[in-house]
Amino acid sequence: MIITKGILTIKFNLMVKMFSNTLDSYAHFNGLKDANTYFKVFFAIITLLVSLISTSPIVPLIIAVVMSILIVFKAKISLKFYLKFLTIPLIFAFITFIYMAILFGVGTHILDLGLFNLAVTSDGFNLGFLVFARMMGCFTCLAFLALTTPMNELFSVLEIVKIPQIVLEIAMLMYRYIFLFLSEAINMYHSQETRLGYISFKKSFKSMGILGSNLFIRTWIKGEQSYVAMESRCYNGTIKSIKEPDNIRNVGMRNIVLLVIFELSLFVGVYMSASFRIF
């Protein structure tokens with residue numbers, strides 16, 4: 001019973017703990033919270049683009065390491081939490097690497113699998129590892145932004161740089177309803193748990209099925225209630241974000257110089273490592 005219940009709920013509880021409490025808490029309370037929001041956004045986006053244009057895995061991996069160091073040591077994000085945060089994208093990136101190494105590319109066979117004439121080729125391995133490195137480099141850039149910048153400040157910056165209003169409103173509502181969705185899921189799960197809904201293997205699957213089927217209806221009702229509440233507060237079809245005055249926090253010449261040096265070093269690295277291949 002304990003094993004069955006653990007298998008069915010361990011990932012659910014991990015996701016709830018991470019995104020319902022810890023993620024938003026770290027965004028509001030971290031070592032870089034008071035850093036200039038525009039600077040953080042510019043730094044993360046430019047670095048992400050450099051990771052995307054790199055034709056070798058060296059620069060994206062360097063970016064992943066540097067961003068991880070900033071997140072853990074500069075922003076003072078818990079290493080344990082950050083490793084858990086990386087687990088899902090790391091798994092997807094690794095699966096993509098394996099898939100591309102086997103099924104993409106031509107060239108010398110590095111490893112013959114002996115099954116359906118499948119083999120890992122040199123081109124496939126290099127391409128798969130490049131995609132893996134790019135995925136991790138880009139994700140760590142986004143993780144840096146998400147873990148050090150409250151979403152209300154991020155939405156304010158995006159509105160100032162003229163991102164379409166409809167895109168911002170959809171993003172705001174999505175962010176709001178993620179936590180609404182998790183809150184409803186937590187309440188339903190604990191309600192089932194107190195009624196011995198996970199006491200056996202059969203009941204566990206039945207309870208999870210009921211939770212999944214009712215969750216959509218419950219969140220739909222909550223969404224309608226939220227909309228009514230917004231209308232009662234003079235909602236006119238546009239959600240306004242809280243804007244900060246320009247230059248409210250001075251970036252500092254030292255930070256600008258460090259940013260320029262870092263990005264130029266990355267561009268030089270992209271150029272110098274353009275022909276790098278593992279095999």
# chains A, B, ... in the order shown; residues from 1 in each chain; ligands from 1
call {"tool": "select_by_dssp", "arguments": {"residues": "stretch 101-275 of chain A", "states": "strand (DSSP E or B)", "output": "JSON, numbers by chain"}}
result
{"A": [109, 110, 111, 112, 119, 120, 121]}
call {"tool": "write_last_selection", "arguments": {"atoms": "C-alpha atoms", "output": "mmCIF file, in the first residue's frame"}}
result
data_model
loop_
_atom_site.group_PDB
_atom_site.id
_atom_site.type_symbol
_atom_site.label_atom_id
_atom_site.label_comp_id
_atom_site.auth_asym_id
_atom_site.auth_seq_id
_atom_site.Cartn_x
_atom_site.Cartn_y
_atom_site.Cartn_z
ATOM 1 C CA HIS A 109 29.296 4.121 -36.781
ATOM 2 C CA ILE A 110 30.417 4.840 -33.229
ATOM 3 C CA LEU A 111 28.267 2.158 -31.645
ATOM 4 C CA ASP A 112 26.272 -0.634 -33.281
ATOM 5 C CA ALA A 119 23.591 2.509 -34.694
ATOM 6 C CA VAL A 120 24.975 5.692 -33.210
ATOM 7 C CA THR A 121 26.670 7.650 -36.004
#
call {"tool": "residues_around", "arguments": {"residues": "A:Arg176", "least_positions_apart": "4", "cutoff": "12 Å", "atoms": "only C-alpha atoms", "output": "ChimeraX atom specification"}}
result
/A:19-20,24,151-152,169-172,180-183,219,222-223,226
call {"tool": "residues_around", "arguments": {"residues": "A:Ile256", "least_positions_apart": "6", "cutoff": "12 Å", "atoms": "only C-alpha atoms", "output": "JSON list (two decimals) with N, CA and C atoms, in the first residue's frame"}}
result
[["chain", "number", "residue", "atom", "x", "y", "z"],
["A", 36, "ASN", "N", 18.61, 45.43, -11.02],
["A", 36, "ASN", "CA", 17.78, 46.08, -12.02],
["A", 36, "ASN", "C", 17.10, 45.03, -12.91],
["A", 38, "TYR", "N", 15.50, 45.36, -15.79],
["A", 38, "TYR", "CA", 15.84, 45.49, -17.20],
["A", 38, "TYR", "C", 17.20, 44.85, -17.50],
["A", 39, "PHE", "N", 18.12, 45.03, -16.59],
["A", 39, "PHE", "CA", 19.45, 44.44, -16.77],
["A", 39, "PHE", "C", 19.38, 42.92, -16.76],
["A", 40, "LYS", "N", 18.61, 42.36, -15.84],
["A", 40, "LYS", "CA", 18.49, 40.90, -15.76],
["A", 40, "LYS", "C", 17.82, 40.34, -17.00],
["A", 42, "PHE", "N", 17.69, 41.72, -20.05],
["A", 42, "PHE", "CA", 18.60, 41.88, -21.18],
["A", 42, "PHE", "C", 19.71, 40.84, -21.14],
["A", 43, "PHE", "N", 20.28, 40.65, -19.96],
["A", 43, "PHE", "CA", 21.36, 39.68, -19.79],
["A", 43, "PHE", "C", 20.90, 38.27, -20.13],
["A", 250, "ASN", "N", 19.84, 52.01, -10.28],
["A", 250, "ASN", "CA", 20.93, 52.22, -11.21],
["A", 250, "ASN", "C", 21.67, 50.91, -11.46],
["A", 262, "PHE", "N", 31.47, 39.77, -20.89],
["A", 262, "PHE", "CA", 30.97, 38.40, -20.88],
["A", 262, "PHE", "C", 30.35, 38.03, -22.23],
["A", 263, "GLU", "N", 29.50, 38.90, -22.77],
["A", 263, "GLU", "CA", 28.83, 38.59, -24.03],
["A", 263, "GLU", "C", 29.82, 38.57, -25.19]]
call {"tool": "atom_distance", "arguments": {"atom1": "atom CA of A:Thr96", "atom2": "atom CA of A:Ala64"}}
result
17.4 Å
call {"tool": "atom_distance", "arguments": {"atom1": "atom CA of A:Phe125", "atom2": "atom CA of A:Phe276"}}
result
12.9 Å
call {"tool": "atom_distance", "arguments": {"atom1": "atom CA of A:Ser54", "atom2": "atom CA of A:Val106"}}
result
21.4 Å
call {"tool": "residues_around", "arguments": {"residues": "A:Leu70", "least_positions_apart": "4", "cutoff": "12 Å", "atoms": "only C-alpha atoms", "output": "VMD selection string"}}
result
chain A and resid 30 to 32 40 44 63 to 66 74 to 79 82 140 to 141 143 to 145 147 to 148
